[in-house]
Amino acid sequence: MWCMEWAQKRKINYALAFAGTIIFLVTLLTYLVVHKAPNCFDQKQNSDETGVDCGGSCALYCEAQIKPLRTLWVKALSFAPGHYDVGAYIENPNTNAGIYGARYTVRIFGEEDKLVYERSGTIDIAPGAPLFVFEGNVSLSQAPSDVQIEFNNKDLRRWTKAQGGESVILTKNQSLKNTDIKPRLEITLVNTDLVNSVERIVLGSIIYDSTNQPVAISRTFVDKIGKGGESTPIFTWPNPFPRALEGEKFTSRIVIMQPAVFEN
């Protein structure tokens, strides 16, 4: 009798343990399905976020964490009658944040503030680096009264963690010649990396007068510089710089567009 009671109790205990295990597994599965772990895309402020899906360990920065871009100048500079190169020089003061594929629109206004030109494009904004926007050979029937650049508002709200790194490309031997005839800027680029080649280098050139105002701009590309190698790109303009015949002094600046690595 005692053995039978003990055997029945053991069966009951096994059954209860089995049922408890099933209930636990079902409950756990339901919890995992219904309750998702906090992440940076759930439209909630959770985990270590400082805003909704931004800040903390998220790749996206919150707006309060970002300093605005500093636009130093936006110009339409004539290089021939009725033809202009349009450029903007902008600084990103955020040393650890950038925007991948930021959309921008350049607008030129003529008489009575009438819009006479508009062009849109995209550009990567690298952290802590200058940004040179260039639109070449724009034909205008009248001298521009104002030039503006505007970045897409949605893009300005998606600053992400990024690393720019130091460029291995250095410039030397900048030589600006013939400013009163057909200006010519020659430079030498040096790849200081003795192990790796560098490809698709984007260069901007800016010519400043004695008052530090830009009078001419241009852009070019260098396909590849081998490890430890050099390249000698040349910028040219078809007509003299303003006031060159009066002896105006000019200086040149080369902007190397820095590549950046953006977090996802």
# chains A, B, ... in the order shown; residues from 1 in each chain; ligands from 1

$ residues_around --residues "Ile256 (chain A)" --least-positions-apart "5" --cutoff "9 Å" --atoms "only C-alpha atoms" --output "PDB file with N, CA, C and O atoms, in the first residue's frame"
ATOM      1  N   PRO A 130      36.530  70.764 -42.910  1.00  0.00           N
ATOM      2  CA  PRO A 130      35.897  71.746 -43.791  1.00  0.00           C
ATOM      3  C   PRO A 130      35.128  71.057 -44.904  1.00  0.00           C
ATOM      4  O   PRO A 130      35.464  69.952 -45.331  1.00  0.00           O
ATOM      5  N   PHE A 132      33.603  71.718 -48.747  1.00  0.00           N
ATOM      6  CA  PHE A 132      33.663  72.567 -49.929  1.00  0.00           C
ATOM      7  C   PHE A 132      32.635  72.070 -50.937  1.00  0.00           C
ATOM      8  O   PHE A 132      32.776  71.003 -51.523  1.00  0.00           O
ATOM      9  N   SER A 167      44.196  62.665 -42.661  1.00  0.00           N
ATOM     10  CA  SER A 167      44.471  62.363 -44.060  1.00  0.00           C
ATOM     11  C   SER A 167      45.942  62.003 -44.231  1.00  0.00           C
ATOM     12  O   SER A 167      46.831  62.620 -43.640  1.00  0.00           O
ATOM     13  N   ILE A 169      47.236  62.241 -47.131  1.00  0.00           N
ATOM     14  CA  ILE A 169      47.628  63.040 -48.282  1.00  0.00           C
ATOM     15  C   ILE A 169      48.055  64.430 -47.820  1.00  0.00           C
ATOM     16  O   ILE A 169      47.310  65.130 -47.137  1.00  0.00           O
ATOM     17  N   LEU A 170      49.252  64.814 -48.189  1.00  0.00           N
ATOM     18  CA  LEU A 170      49.770  66.144 -47.888  1.00  0.00           C
ATOM     19  C   LEU A 170      49.999  66.906 -49.188  1.00  0.00           C
ATOM     20  O   LEU A 170      50.197  66.314 -50.254  1.00  0.00           O
ATOM     21  N   ILE A 201      40.588  60.810 -54.854  1.00  0.00           N
ATOM     22  CA  ILE A 201      40.839  61.971 -53.990  1.00  0.00           C
ATOM     23  C   ILE A 201      40.131  63.181 -54.599  1.00  0.00           C
ATOM     24  O   ILE A 201      40.314  63.505 -55.773  1.00  0.00           O
ATOM     25  N   VAL A 202      39.315  63.837 -53.793  1.00  0.00           N
ATOM     26  CA  VAL A 202      38.571  65.022 -54.244  1.00  0.00           C
ATOM     27  C   VAL A 202      39.267  66.261 -53.702  1.00  0.00           C
ATOM     28  O   VAL A 202      39.475  66.403 -52.496  1.00  0.00           O
ATOM     29  N   LEU A 203      39.621  67.169 -54.620  1.00  0.00           N
ATOM     30  CA  LEU A 203      40.355  68.377 -54.252  1.00  0.00           C
ATOM     31  C   LEU A 203      39.571  69.623 -54.645  1.00  0.00           C
ATOM     32  O   LEU A 203      39.028  69.705 -55.748  1.00  0.00           O
ATOM     33  N   GLY A 204      39.529  70.573 -53.742  1.00  0.00           N
ATOM     34  CA  GLY A 204      38.980  71.879 -54.074  1.00  0.00           C
ATOM     35  C   GLY A 204      40.085  72.919 -53.977  1.00  0.00           C
ATOM     36  O   GLY A 204      40.973  72.823 -53.124  1.00  0.00           O
ATOM     37  N   SER A 205      40.054  73.905 -54.846  1.00  0.00           N
ATOM     38  CA  SER A 205      41.026  75.006 -54.786  1.00  0.00           C
ATOM     39  C   SER A 205      40.273  76.324 -54.632  1.00  0.00           C
ATOM     40  O   SER A 205      39.242  76.551 -55.269  1.00  0.00           O
TER      41      SER A 205
END

$ residues_around --residues "region 184-194 of chain A" --least-positions-apart "4" --cutoff "8 Å" --atoms "only C-alpha atoms" --output "short mmCIF file (atom, residue, chain, number, x, y, z; two decimals) with N, CA and C atoms, in the first residue's frame"
data_model
loop_
_atom_site.label_atom_id
_atom_site.label_comp_id
_atom_site.auth_asym_id
_atom_site.auth_seq_id
_atom_site.Cartn_x
_atom_site.Cartn_y
_atom_site.Cartn_z
N VAL A 168 46.18 60.99 -45.05
CA VAL A 168 47.56 60.61 -45.34
C VAL A 168 48.09 61.39 -46.54
N ILE A 169 47.24 62.24 -47.13
CA ILE A 169 47.63 63.04 -48.28
C ILE A 169 48.05 64.43 -47.82
N LEU A 170 49.25 64.81 -48.19
CA LEU A 170 49.77 66.14 -47.89
C LEU A 170 50.00 66.91 -49.19
N THR A 171 49.96 68.23 -49.08
CA THR A 171 50.24 69.08 -50.25
C THR A 171 51.56 69.80 -50.05
N LYS A 172 52.25 70.04 -51.16
CA LYS A 172 53.48 70.82 -51.13
C LYS A 172 53.65 71.51 -52.47
N ASN A 173 54.53 72.48 -52.48
CA ASN A 173 54.91 73.17 -53.72
C ASN A 173 53.72 73.79 -54.45
N GLN A 174 52.85 74.50 -53.73
CA GLN A 174 51.77 75.21 -54.40
C GLN A 174 52.36 76.39 -55.17
N SER A 175 52.05 76.47 -56.44
CA SER A 175 52.61 77.53 -57.28
C SER A 175 51.49 78.15 -58.12
N LEU A 176 51.16 79.40 -57.82
CA LEU A 176 50.13 80.13 -58.56
C LEU A 176 50.80 81.07 -59.54
N LYS A 177 50.50 80.91 -60.83
CA LYS A 177 51.17 81.66 -61.88
C LYS A 177 50.16 82.34 -62.80
N ASN A 178 50.65 83.34 -63.53
CA ASN A 178 49.91 83.97 -64.62
C ASN A 178 48.54 84.49 -64.20
N THR A 179 48.44 85.08 -63.02
CA THR A 179 47.15 85.55 -62.54
C THR A 179 46.58 86.69 -63.39
N VAL A 198 46.04 55.32 -52.23
CA VAL A 198 44.84 56.10 -51.95
C VAL A 198 44.14 56.38 -53.27
N ILE A 225 46.84 57.55 -56.03
CA ILE A 225 48.24 57.82 -55.74
C ILE A 225 48.79 56.57 -55.06
N GLY A 226 49.82 55.99 -55.63
CA GLY A 226 50.39 54.77 -55.08
C GLY A 226 51.04 55.00 -53.73
N LYS A 227 51.32 53.91 -53.04
CA LYS A 227 51.93 53.99 -51.72
C LYS A 227 53.24 54.77 -51.78
N GLY A 228 53.31 55.82 -50.94
CA GLY A 228 54.50 56.67 -50.92
C GLY A 228 54.71 57.50 -52.16
N GLY A 229 53.69 57.55 -53.04
CA GLY A 229 53.85 58.23 -54.32
C GLY A 229 53.40 59.67 -54.31
N GLU A 230 53.49 60.31 -55.47
CA GLU A 230 53.11 61.71 -55.63
C GLU A 230 52.23 61.87 -56.87
N SER A 231 51.48 62.99 -56.88
CA SER A 231 50.68 63.37 -58.05
C SER A 231 50.74 64.89 -58.17
N THR A 232 50.63 65.41 -59.38
CA THR A 232 50.75 66.87 -59.59
C THR A 232 49.53 67.40 -60.34
N PRO A 233 48.38 67.52 -59.69
CA PRO A 233 47.20 68.10 -60.36
C PRO A 233 47.40 69.58 -60.64
N ILE A 234 46.68 70.06 -61.64
CA ILE A 234 46.78 71.46 -62.08
C ILE A 234 45.38 72.04 -62.20
N PHE A 235 45.20 73.25 -61.67
CA PHE A 235 43.96 74.01 -61.83
C PHE A 235 44.23 75.18 -62.78
N THR A 236 43.30 75.43 -63.70
CA THR A 236 43.46 76.56 -64.62
C THR A 236 42.16 77.34 -64.73
N TRP A 237 42.30 78.63 -65.08
CA TRP A 237 41.16 79.51 -65.33
C TRP A 237 41.41 80.26 -66.63
#

$ residues_around --residues "Thr160 (chain A)" --least-positions-apart "3" --cutoff "9 Å" --atoms "only C-alpha atoms" --output "list of chain:residue names"
A:Cys58, A:Ala59, A:Leu60, A:Tyr61, A:Asn96, A:Ala97, A:Gly98, A:Ile99, A:Tyr100, A:Phe262, A:Glu263, A:Asn264

$ atom_distance --atom1 "CA of Val255 (chain A)" --atom2 "CA of Glu91 (chain A)"
11.7 Å

$ select_by_dssp --residues "region 88-241 of chain A" --states "strand (DSSP E or B)" --output "ChimeraX atom specification"
/A:88-91,97-109,115-125,130-139,146-151,160-163,169-177,184-191,198-208,214-225,230-231,234-236
